[in-house]
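Trainee: mmCIF, C-alpha atoms, saved as coords.cif, coming up:
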data_run
#
loop_
_atom_site.group_PDB
_atom_site.id
_atom_site.type_symbol
_atom_site.label_atom_id
_atom_site.label_comp_id
_atom_site.auth_asym_id
_atom_site.auth_seq_id
_atom_site.Cartn_x
_atom_site.Cartn_y
_atom_site.Cartn_z
ATOM 1 C CA MET J 148 14.013 10.065 -28.861
ATOM 2 C CA ARG J 149 11.939 11.361 -25.984
ATOM 3 C CA ASP J 150 12.632 14.814 -24.653
ATOM 4 C CA ALA J 151 11.892 14.789 -20.934
ATOM 5 C CA HIS J 152 11.977 18.573 -20.641
ATOM 6 C CA SER J 153 9.325 19.130 -23.306
ATOM 7 C CA PHE J 154 7.157 16.377 -21.825
ATOM 8 C CA ASP J 155 7.469 17.902 -18.354
ATOM 9 C CA GLU J 156 6.379 21.239 -19.772
ATOM 10 C CA PHE J 157 3.450 19.597 -21.557
ATOM 11 C CA TYR J 158 2.448 17.830 -18.348
ATOM 12 C CA ARG J 159 2.638 21.010 -16.253
ATOM 13 C CA SER J 160 0.575 22.970 -18.734
ATOM 14 C CA THR J 161 -2.161 20.354 -19.257
ATOM 15 C CA SER J 162 -2.437 18.169 -16.147
ATOM 16 C CA ARG J 163 -5.015 20.269 -14.288
ATOM 17 C CA ARG J 164 -7.254 20.554 -17.348
ATOM 18 C CA MET J 165 -6.902 16.838 -18.011
ATOM 19 C CA LEU J 166 -7.891 16.005 -14.460
ATOM 20 C CA ARG J 167 -10.959 18.240 -14.685
ATOM 21 C CA TYR J 168 -11.823 16.644 -18.021
ATOM 22 C CA GLY J 169 -11.291 13.137 -16.603
ATOM 23 C CA TYR J 170 -13.558 13.975 -13.681
ATOM 24 C CA ALA J 171 -16.241 15.239 -16.034
ATOM 25 C CA VAL J 172 -15.995 12.096 -18.155
ATOM 26 C CA ALA J 173 -15.736 9.538 -15.331
ATOM 27 C CA GLY J 174 -17.825 11.242 -12.664
ATOM 28 C CA ASP J 175 -15.436 10.091 -9.947
ATOM 29 C CA TYR J 176 -12.324 11.957 -8.851
ATOM 30 C CA THR J 177 -10.242 8.874 -8.021
ATOM 31 C CA GLU J 178 -11.218 7.214 -11.287
ATOM 32 C CA ALA J 179 -10.308 10.432 -13.105
ATOM 33 C CA GLN J 180 -6.868 10.417 -11.495
ATOM 34 C CA ASP J 181 -6.305 6.847 -12.691
ATOM 35 C CA LEU J 182 -7.489 7.635 -16.215
ATOM 36 C CA VAL J 183 -5.351 10.744 -16.535
ATOM 37 C CA GLN J 184 -2.299 9.012 -15.088
ATOM 38 C CA GLU J 185 -2.659 6.187 -17.609
ATOM 39 C CA ALA J 186 -3.161 8.677 -20.447
ATOM 40 C CA PHE J 187 0.000 10.579 -19.513
ATOM 41 C CA ALA J 188 1.922 7.307 -19.244
ATOM 42 C CA ARG J 189 0.816 6.441 -22.769
ATOM 43 C CA ALA J 190 1.711 9.936 -23.944
ATOM 44 C CA TRP J 191 5.201 9.544 -22.488
ATOM 45 C CA ARG J 192 5.675 6.229 -24.305
ATOM 46 C CA GLN J 193 4.641 7.926 -27.582
ATOM 47 C CA TRP J 194 6.263 11.292 -26.847
ATOM 48 C CA GLY J 195 8.782 11.014 -29.700
ATOM 49 C CA LYS J 196 5.867 11.039 -32.175
ATOM 50 C CA LEU J 197 3.363 12.978 -30.090
ATOM 51 C CA VAL J 198 5.631 16.004 -29.625
ATOM 52 C CA ASN J 199 5.172 16.706 -33.360
ATOM 53 C CA HIS J 200 1.430 16.044 -33.322
ATOM 54 C CA PRO J 201 -0.599 19.114 -34.306
ATOM 55 C CA ALA J 202 -2.751 18.826 -31.156
ATOM 56 C CA PRO J 203 -1.143 16.664 -28.456
ATOM 57 C CA GLU J 204 -3.657 17.802 -25.836
ATOM 58 C CA ALA J 205 -6.528 16.686 -28.057
ATOM 59 C CA TRP J 206 -4.794 13.321 -28.449
ATOM 60 C CA LEU J 207 -4.559 13.080 -24.673
ATOM 61 C CA ARG J 208 -8.256 13.941 -24.256
ATOM 62 C CA LEU J 209 -9.126 11.213 -26.740
ATOM 63 C CA VAL J 210 -7.069 8.702 -24.753
ATOM 64 C CA VAL J 211 -8.778 9.724 -21.490
ATOM 65 C CA ALA J 212 -12.209 9.384 -23.097
ATOM 66 C CA ARG J 213 -11.408 5.971 -24.585
ATOM 67 C CA LEU J 214 -9.990 4.708 -21.299
ATOM 68 C CA ALA J 215 -13.129 5.888 -19.495
ATOM 69 C CA THR J 216 -15.328 4.151 -22.058
ATOM 70 C CA ASP J 217 -13.340 0.925 -21.765
ATOM 71 C CA ARG J 218 -13.626 0.950 -17.973
ATOM 72 C CA TRP J 219 -17.325 1.725 -18.140
ATOM 73 C CA ARG J 220 -17.853 -1.228 -20.507
ATOM 74 C CA ARG J 221 -15.940 -3.575 -18.232
ATOM 75 C CA LEU J 222 -17.883 -2.418 -15.177
ATOM 76 C CA HIS J 223 -21.177 -2.626 -17.048
ATOM 77 C CA GLY J 224 -20.378 -6.180 -18.106
ATOM 78 C CA LEU J 225 -19.392 -7.081 -14.563
ATOM 79 C CA ARG J 226 -22.632 -5.636 -13.219
ATOM 80 C CA GLY J 227 -24.545 -7.782 -15.717
ATOM 81 C CA VAL J 228 -22.738 -10.909 -14.581
ATOM 82 C CA LEU J 229 -23.332 -10.049 -10.941
ATOM 83 C CA SER J 230 -27.019 -9.374 -11.525
ATOM 84 C CA ARG J 231 -27.450 -12.757 -13.241
ATOM 85 C CA SER J 232 -25.522 -14.647 -10.579
ATOM 86 C CA GLY J 233 -27.227 -12.965 -7.643
ATOM 87 C CA ALA J 234 -25.845 -11.279 -4.585
ATOM 88 C CA PRO J 235 -22.712 -12.770 -3.085
ATOM 89 C CA ALA J 236 -23.141 -14.831 0.043
ATOM 90 C CA SER J 237 -22.612 -12.888 3.222
ATOM 91 C CA VAL J 238 -19.385 -13.540 5.011
ATOM 92 C CA SER J 239 -19.371 -13.912 8.750
ATOM 93 C CA ALA J 240 -16.861 -12.100 10.911
ATOM 94 C CA PRO J 241 -13.653 -14.003 11.607
ATOM 95 C CA ASN J 242 -13.610 -15.879 14.874
ATOM 96 C CA GLU J 243 -11.149 -15.024 17.627
ATOM 97 C CA ASP J 244 -8.894 -17.985 16.810
ATOM 98 C CA SER J 245 -8.549 -16.838 13.201
ATOM 99 C CA VAL J 246 -7.607 -13.331 14.269
ATOM 100 C CA LEU J 247 -4.990 -14.644 16.719
ATOM 101 C CA LEU J 248 -3.545 -17.011 14.124
ATOM 102 C CA VAL J 249 -3.338 -14.336 11.422
ATOM 103 C CA ASN J 250 -1.611 -11.933 13.837
ATOM 104 C CA ALA J 251 0.900 -14.632 14.761
ATOM 105 C CA LEU J 252 1.511 -15.542 11.117
ATOM 106 C CA ARG J 253 2.252 -11.906 10.316
ATOM 107 C CA GLN J 254 5.116 -12.030 12.791
ATOM 108 C CA LEU J 255 6.834 -14.905 10.984
ATOM 109 C CA PRO J 256 9.400 -14.378 8.237
ATOM 110 C CA ALA J 257 7.829 -14.500 4.785
ATOM 111 C CA ALA J 258 9.502 -17.795 3.827
ATOM 112 C CA GLN J 259 8.177 -19.595 6.923
ATOM 113 C CA ARG J 260 4.712 -18.113 6.409
ATOM 114 C CA GLN J 261 4.705 -19.211 2.766
ATOM 115 C CA ALA J 262 5.870 -22.736 3.602
ATOM 116 C CA LEU J 263 3.225 -23.147 6.320
ATOM 117 C CA ALA J 264 0.491 -21.825 4.039
ATOM 118 C CA LEU J 265 1.456 -24.107 1.158
ATOM 119 C CA HIS J 266 1.764 -27.107 3.457
ATOM 120 C CA TYR J 267 -1.419 -26.653 5.496
ATOM 121 C CA LEU J 268 -3.725 -24.745 3.197
ATOM 122 C CA PHE J 269 -2.801 -26.388 -0.107
ATOM 123 C CA ASP J 270 -1.784 -29.737 1.375
ATOM 124 C CA MET J 271 1.499 -29.646 -0.523
ATOM 125 C CA SER J 272 4.323 -31.996 0.367
ATOM 126 C CA VAL J 273 7.785 -30.771 1.285
ATOM 127 C CA ALA J 274 9.061 -31.811 -2.150
ATOM 128 C CA GLU J 275 6.279 -29.870 -3.899
ATOM 129 C CA ILE J 276 6.991 -26.769 -1.826
ATOM 130 C CA ALA J 277 10.702 -27.092 -2.573
ATOM 131 C CA ARG J 278 9.971 -27.282 -6.308
ATOM 132 C CA GLU J 279 7.628 -24.281 -6.209
ATOM 133 C CA THR J 280 9.935 -22.090 -4.139
ATOM 134 C CA GLY J 281 13.151 -23.244 -5.791
ATOM 135 C CA VAL J 282 14.929 -24.269 -2.584
ATOM 136 C CA PRO J 283 16.223 -27.615 -1.278
ATOM 137 C CA THR J 284 13.827 -29.853 0.662
ATOM 138 C CA GLY J 285 15.956 -29.426 3.780
ATOM 139 C CA THR J 286 15.317 -25.695 3.676
ATOM 140 C CA VAL J 287 11.567 -26.263 3.443
ATOM 141 C CA LYS J 288 11.722 -28.672 6.406
ATOM 142 C CA SER J 289 13.609 -26.019 8.357
ATOM 143 C CA TRP J 290 11.052 -23.327 7.469
ATOM 144 C CA LEU J 291 8.179 -25.573 8.537
ATOM 145 C CA SER J 292 9.861 -26.580 11.790
ATOM 146 C CA ARG J 293 10.888 -23.044 12.712
ATOM 147 C CA GLY J 294 7.505 -21.678 11.691
ATOM 148 C CA ARG J 295 5.653 -24.207 13.850
ATOM 149 C CA SER J 296 7.951 -23.507 16.796
ATOM 150 C CA ARG J 297 7.518 -19.760 16.468
ATOM 151 C CA LEU J 298 3.728 -20.114 16.191
ATOM 152 C CA ALA J 299 3.717 -22.272 19.327
ATOM 153 C CA ALA J 300 5.664 -19.564 21.160
ATOM 154 C CA LEU J 301 3.399 -16.801 19.862
ATOM 155 C CA LEU J 302 0.217 -18.722 20.705
ATOM 156 C CA PRO J 303 0.950 -20.383 24.075
ATOM 157 C CA ASP J 304 -2.728 -20.522 25.170
ATOM 158 C CA TYR J 305 -3.922 -21.787 21.819
ATOM 159 C CA SER J 306 -4.200 -25.531 21.320
ATOM 160 C CA PRO J 307 -3.677 -25.622 17.559
ATOM 161 C CA GLU J 308 -5.202 -28.121 15.252
ATOM 162 C CA LEU J 309 -1.930 -28.006 13.328
ATOM 163 C CA GLU J 310 -1.202 -31.653 13.225
ATOM 164 C CA ALA J 311 2.456 -32.447 12.832
ATOM 165 C CA HIS J 312 2.271 -33.517 9.202
ATOM 166 C CA ASP J 313 4.962 -35.855 8.108
ATOM 167 C CA VAL J 314 7.674 -33.544 6.763
ATOM 168 C CA ALA J 315 9.726 -36.269 5.170
#
Can you give me the file's structure in the form of structure tokens?
Mentor:
Amino acid sequence: MRDAHSFDEFYRSTSRRMLRYGYAVAGDYTEAQDLVQEAFARAWRQWGKLVNHPAPEAWLRLVVARLATDRWRRLHGLRGVLSRSGAPASVSAPNEDSVLLVNALRQLPAAQRQALALHYLFDMSVAEIARETGVPTGTVKSWLSRGRSRLAALLPDYSPELEAHDVA
């Protein structure tokens, strides 16, 4: 059984030292915060056993060090992959139409936005969208119709390329 009071006391008495240690190990304050938070979360899960450990703070330091090593290995491996595959292609700035469309989409309810995205970006039929979202096909048709109407109202000067796909 975990004793929240004893864990809280342990946390209060060690958290600052752990953060300083994490910073020394990781070399980055934000990374250190993540490492220490994960270490304390693991300590809490094991607190029933760890409370009787002869040196729980040493256990916590070991966890922080191992987490830092694991992250370093993953990043090092990723850097190797990136160096072999070359620099990523540069991405151009979005055009004005894209910005207007994204702003309008953000004003739609989530269900309408999802239905429009699945229909136009993934070329999914109404039946496929209904299966994926777990709603009747009539509901999907309604979302698509209402979403298109709302987009037309939000973008009156925009002549969209949104062809009226067959929603049957």
Trainee: Would you mind listing what lies within 10 Å of Trp191 of chain J as a PyMOL selection string, with all atoms listed in the file counted and same-chain residues fewer than 5 positions away left out?
Mentor: chain J and resi 149-151+154-155+158+185-186+196-198
Trainee: For the file shown, what are the residues hit by the PyMOL selection byres ((chain J and resi 294) around 8), laid out as a PyMOL selection string?
Mentor: chain J and resi 255+259-260+263+290-293+295-298
Trainee: Can I get the selected residues back with C-alpha atoms, as an mmCIF file, in the frame of the given file?
Mentor:
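To be explicit, this is the file written out as result_12.cif:
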data_model
loop_
_atom_site.group_PDB
_atom_site.id
_atom_site.type_symbol
_atom_site.label_atom_id
_atom_site.label_comp_id
_atom_site.auth_asym_id
_atom_site.auth_seq_id
_atom_site.Cartn_x
_atom_site.Cartn_y
_atom_site.Cartn_z
ATOM 1 C CA LEU J 255 6.834 -14.905 10.984
ATOM 2 C CA GLN J 259 8.177 -19.595 6.923
ATOM 3 C CA ARG J 260 4.712 -18.113 6.409
ATOM 4 C CA LEU J 263 3.225 -23.147 6.320
ATOM 5 C CA TRP J 290 11.052 -23.327 7.469
ATOM 6 C CA LEU J 291 8.179 -25.573 8.537
ATOM 7 C CA SER J 292 9.861 -26.580 11.790
ATOM 8 C CA ARG J 293 10.888 -23.044 12.712
ATOM 9 C CA ARG J 295 5.653 -24.207 13.850
ATOM 10 C CA SER J 296 7.951 -23.507 16.796
ATOM 11 C CA ARG J 297 7.518 -19.760 16.468
ATOM 12 C CA LEU J 298 3.728 -20.114 16.191
#
Trainee: Could you tell me, as a list in words, exactly which residues end up selected when the PyMOL selection byres ((chain J and resi 181) around 12) is applied to this structure?
Mentor: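 Against this file, the PyMOL selection byres ((chain J and resi 181) around 12) returns the residues Met165, Leu166, Gly169, Tyr170, Ala173, Asp175, Tyr176, Thr177, Glu178, Ala179, Gln180, Leu182, Val183, Gln184, Glu185, Ala186, Phe187, Ala188, Val211, Leu214, Ala215 and Arg218 of chain J.
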Trainee: Report, in Å to a single decimal, how far apart atom CA of Gln254 of chain J and atom CA of His266 of chain J are.
Mentor: 18.0 Å
Trainee: Quick one: residues within 10 Å of Pro283 of chain J, all atoms listed in the file, excluding same-chain residues fewer than 5 positions away - as a PyMOL selection string?
Mentor: chain J and resi 273-274+276-278+288
Trainee: Rounded to one decimal place, report the atom CA of Ala300 of chain J-atom CA of Phe269 of chain J distance in Å.
Mentor: 23.9 Å
Trainee: In Å, how far is it from atom CA of Arg189 of chain J to atom CA of Trp206 of chain J?
Mentor: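 Interatomic distance here is 10.5 Å.
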Trainee: Quick one: what's the axis-aligned box for segment 222-226 of chain J, all listed atoms, 3 Å on every side, centre and edges in Å to one decimal, as JSON?
Mentor:
{"center_x": -20.3, "center_y": -4.7, "center_z": -15.7, "size_x": 10.7, "size_y": 10.7, "size_z": 10.9}
Trainee: Which residue, J:Ser160, J:Asp217, J:Ser239, J:Val228, has the smallest gap to Pro203 of chain J when you use only C-alpha atoms?
Mentor: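 Among J:Ser160, J:Asp217, J:Ser239, J:Val228, it is J:Ser160 that comes nearest to Pro203 of chain J.
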Trainee: Could you give me, as an MDAnalysis selection string, the residues within 10 Å of Glu204 of chain J, counting only C-alpha atoms and dropping anything in the same chain fewer than 3 positions from it?
Mentor: chainID J and resid 157:158 160:162 164:165 190 197 200:201 207:210
Trainee: As a PDB file, in the coordinates of the input, could you write out segment 150-161 of chain J once it has been completed with all heavy atoms?
Mentor:
ATOM      1  N   ASP J 150      12.056  13.629 -25.290  1.00  0.00           N
ATOM      2  CA  ASP J 150      12.632  14.814 -24.653  1.00  0.00           C
ATOM      3  C   ASP J 150      11.889  15.031 -23.342  1.00  0.00           C
ATOM      4  O   ASP J 150      10.736  15.488 -23.335  1.00  0.00           O
ATOM      5  CB  ASP J 150      12.479  16.013 -25.590  1.00  0.00           C
ATOM      6  CG  ASP J 150      12.956  17.305 -24.957  1.00  0.00           C
ATOM      7  OD1 ASP J 150      13.701  17.258 -23.964  1.00  0.00           O
ATOM      8  OD2 ASP J 150      12.560  18.366 -25.462  1.00  0.00           O
ATOM      9  N   ALA J 151      12.537  14.707 -22.236  1.00  0.00           N
ATOM     10  CA  ALA J 151      11.892  14.789 -20.934  1.00  0.00           C
ATOM     11  C   ALA J 151      11.484  16.215 -20.594  1.00  0.00           C
ATOM     12  O   ALA J 151      10.425  16.438 -20.005  1.00  0.00           O
ATOM     13  CB  ALA J 151      12.810  14.222 -19.849  1.00  0.00           C
ATOM     14  N   HIS J 152      12.290  17.173 -20.977  1.00  0.00           N
ATOM     15  CA  HIS J 152      11.977  18.573 -20.641  1.00  0.00           C
ATOM     16  C   HIS J 152      10.687  19.019 -21.328  1.00  0.00           C
ATOM     17  O   HIS J 152       9.822  19.630 -20.698  1.00  0.00           O
ATOM     18  CB  HIS J 152      13.140  19.495 -21.029  1.00  0.00           C
ATOM     19  CG  HIS J 152      12.866  20.934 -20.749  1.00  0.00           C
ATOM     20  ND1 HIS J 152      12.811  21.434 -19.467  1.00  0.00           N
ATOM     21  CD2 HIS J 152      12.603  21.974 -21.578  1.00  0.00           C
ATOM     22  CE1 HIS J 152      12.524  22.726 -19.519  1.00  0.00           C
ATOM     23  NE2 HIS J 152      12.401  23.080 -20.795  1.00  0.00           N
ATOM     24  N   SER J 153      10.538  18.708 -22.604  1.00  0.00           N
ATOM     25  CA  SER J 153       9.325  19.130 -23.306  1.00  0.00           C
ATOM     26  C   SER J 153       8.096  18.376 -22.782  1.00  0.00           C
ATOM     27  O   SER J 153       7.006  18.941 -22.694  1.00  0.00           O
ATOM     28  CB  SER J 153       9.461  18.956 -24.822  1.00  0.00           C
ATOM     29  OG  SER J 153       9.581  17.593 -25.158  1.00  0.00           O
ATOM     30  N   PHE J 154       8.280  17.116 -22.398  1.00  0.00           N
ATOM     31  CA  PHE J 154       7.157  16.377 -21.825  1.00  0.00           C
ATOM     32  C   PHE J 154       6.765  16.965 -20.474  1.00  0.00           C
ATOM     33  O   PHE J 154       5.575  17.115 -20.184  1.00  0.00           O
ATOM     34  CB  PHE J 154       7.483  14.887 -21.673  1.00  0.00           C
ATOM     35  CG  PHE J 154       6.323  14.110 -21.130  1.00  0.00           C
ATOM     36  CD1 PHE J 154       5.287  13.710 -21.960  1.00  0.00           C
ATOM     37  CD2 PHE J 154       6.243  13.800 -19.781  1.00  0.00           C
ATOM     38  CE1 PHE J 154       4.197  13.010 -21.463  1.00  0.00           C
ATOM     39  CE2 PHE J 154       5.160  13.101 -19.272  1.00  0.00           C
ATOM     40  CZ  PHE J 154       4.136  12.708 -20.116  1.00  0.00           C
ATOM     41  N   ASP J 155       7.765  17.286 -19.656  1.00  0.00           N
ATOM     42  CA  ASP J 155       7.469  17.902 -18.354  1.00  0.00           C
ATOM     43  C   ASP J 155       6.690  19.196 -18.532  1.00  0.00           C
ATOM     44  O   ASP J 155       5.738  19.463 -17.791  1.00  0.00           O
ATOM     45  CB  ASP J 155       8.762  18.189 -17.582  1.00  0.00           C
ATOM     46  CG  ASP J 155       9.436  16.933 -17.067  1.00  0.00           C
ATOM     47  OD1 ASP J 155       8.801  15.856 -17.092  1.00  0.00           O
ATOM     48  OD2 ASP J 155      10.611  17.026 -16.653  1.00  0.00           O
ATOM     49  N   GLU J 156       7.082  19.978 -19.506  1.00  0.00           N
ATOM     50  CA  GLU J 156       6.379  21.239 -19.772  1.00  0.00           C
ATOM     51  C   GLU J 156       4.941  20.968 -20.234  1.00  0.00           C
ATOM     52  O   GLU J 156       3.997  21.630 -19.790  1.00  0.00           O
ATOM     53  CB  GLU J 156       7.134  22.044 -20.834  1.00  0.00           C
ATOM     54  CG  GLU J 156       6.599  23.431 -21.047  1.00  0.00           C
ATOM     55  CD  GLU J 156       6.648  24.287 -19.788  1.00  0.00           C
ATOM     56  OE1 GLU J 156       7.623  24.176 -19.023  1.00  0.00           O
ATOM     57  OE2 GLU J 156       5.695  25.059 -19.573  1.00  0.00           O
ATOM     58  N   PHE J 157       4.781  19.986 -21.095  1.00  0.00           N
ATOM     59  CA  PHE J 157       3.450  19.597 -21.557  1.00  0.00           C
ATOM     60  C   PHE J 157       2.596  19.137 -20.374  1.00  0.00           C
ATOM     61  O   PHE J 157       1.443  19.546 -20.230  1.00  0.00           O
ATOM     62  CB  PHE J 157       3.570  18.475 -22.603  1.00  0.00           C
ATOM     63  CG  PHE J 157       2.264  17.889 -23.042  1.00  0.00           C
ATOM     64  CD1 PHE J 157       1.379  18.619 -23.825  1.00  0.00           C
ATOM     65  CD2 PHE J 157       1.915  16.600 -22.667  1.00  0.00           C
ATOM     66  CE1 PHE J 157       0.164  18.074 -24.236  1.00  0.00           C
ATOM     67  CE2 PHE J 157       0.703  16.045 -23.070  1.00  0.00           C
ATOM     68  CZ  PHE J 157      -0.170  16.787 -23.858  1.00  0.00           C
ATOM     69  N   TYR J 158       3.178  18.330 -19.507  1.00  0.00           N
ATOM     70  CA  TYR J 158       2.448  17.830 -18.348  1.00  0.00           C
ATOM     71  C   TYR J 158       2.017  18.989 -17.437  1.00  0.00           C
ATOM     72  O   TYR J 158       0.861  19.065 -17.030  1.00  0.00           O
ATOM     73  CB  TYR J 158       3.306  16.833 -17.568  1.00  0.00           C
ATOM     74  CG  TYR J 158       2.622  16.351 -16.314  1.00  0.00           C
ATOM     75  CD1 TYR J 158       1.691  15.323 -16.367  1.00  0.00           C
ATOM     76  CD2 TYR J 158       2.903  16.931 -15.075  1.00  0.00           C
ATOM     77  CE1 TYR J 158       1.045  14.882 -15.222  1.00  0.00           C
ATOM     78  CE2 TYR J 158       2.257  16.501 -13.935  1.00  0.00           C
ATOM     79  CZ  TYR J 158       1.335  15.487 -14.013  1.00  0.00           C
ATOM     80  OH  TYR J 158       0.690  15.064 -12.883  1.00  0.00           O
ATOM     81  N   ARG J 159       2.956  19.871 -17.131  1.00  0.00           N
ATOM     82  CA  ARG J 159       2.638  21.010 -16.253  1.00  0.00           C
ATOM     83  C   ARG J 159       1.536  21.886 -16.838  1.00  0.00           C
ATOM     84  O   ARG J 159       0.684  22.378 -16.118  1.00  0.00           O
ATOM     85  CB  ARG J 159       3.885  21.838 -15.986  1.00  0.00           C
ATOM     86  CG  ARG J 159       4.768  21.280 -14.880  1.00  0.00           C
ATOM     87  CD  ARG J 159       5.823  22.279 -14.460  1.00  0.00           C
ATOM     88  NE  ARG J 159       6.843  22.502 -15.466  1.00  0.00           N
ATOM     89  CZ  ARG J 159       7.911  21.730 -15.639  1.00  0.00           C
ATOM     90  NH1 ARG J 159       8.100  20.683 -14.867  1.00  0.00           N
ATOM     91  NH2 ARG J 159       8.784  21.985 -16.579  1.00  0.00           N
ATOM     92  N   SER J 160       1.549  22.055 -18.129  1.00  0.00           N
ATOM     93  CA  SER J 160       0.575  22.970 -18.734  1.00  0.00           C
ATOM     94  C   SER J 160      -0.797  22.329 -18.971  1.00  0.00           C
ATOM     95  O   SER J 160      -1.777  23.046 -19.177  1.00  0.00           O
ATOM     96  CB  SER J 160       1.124  23.523 -20.048  1.00  0.00           C
ATOM     97  OG  SER J 160       1.225  22.503 -21.015  1.00  0.00           O
ATOM     98  N   THR J 161      -0.883  21.004 -18.926  1.00  0.00           N
ATOM     99  CA  THR J 161      -2.161  20.354 -19.257  1.00  0.00           C
ATOM    100  C   THR J 161      -2.748  19.491 -18.145  1.00  0.00           C
ATOM    101  O   THR J 161      -3.926  19.132 -18.226  1.00  0.00           O
ATOM    102  CB  THR J 161      -2.000  19.453 -20.502  1.00  0.00           C
ATOM    103  OG1 THR J 161      -1.006  18.454 -20.225  1.00  0.00           O
ATOM    104  CG2 THR J 161      -1.620  20.252 -21.726  1.00  0.00           C
TER     105      THR J 161
END
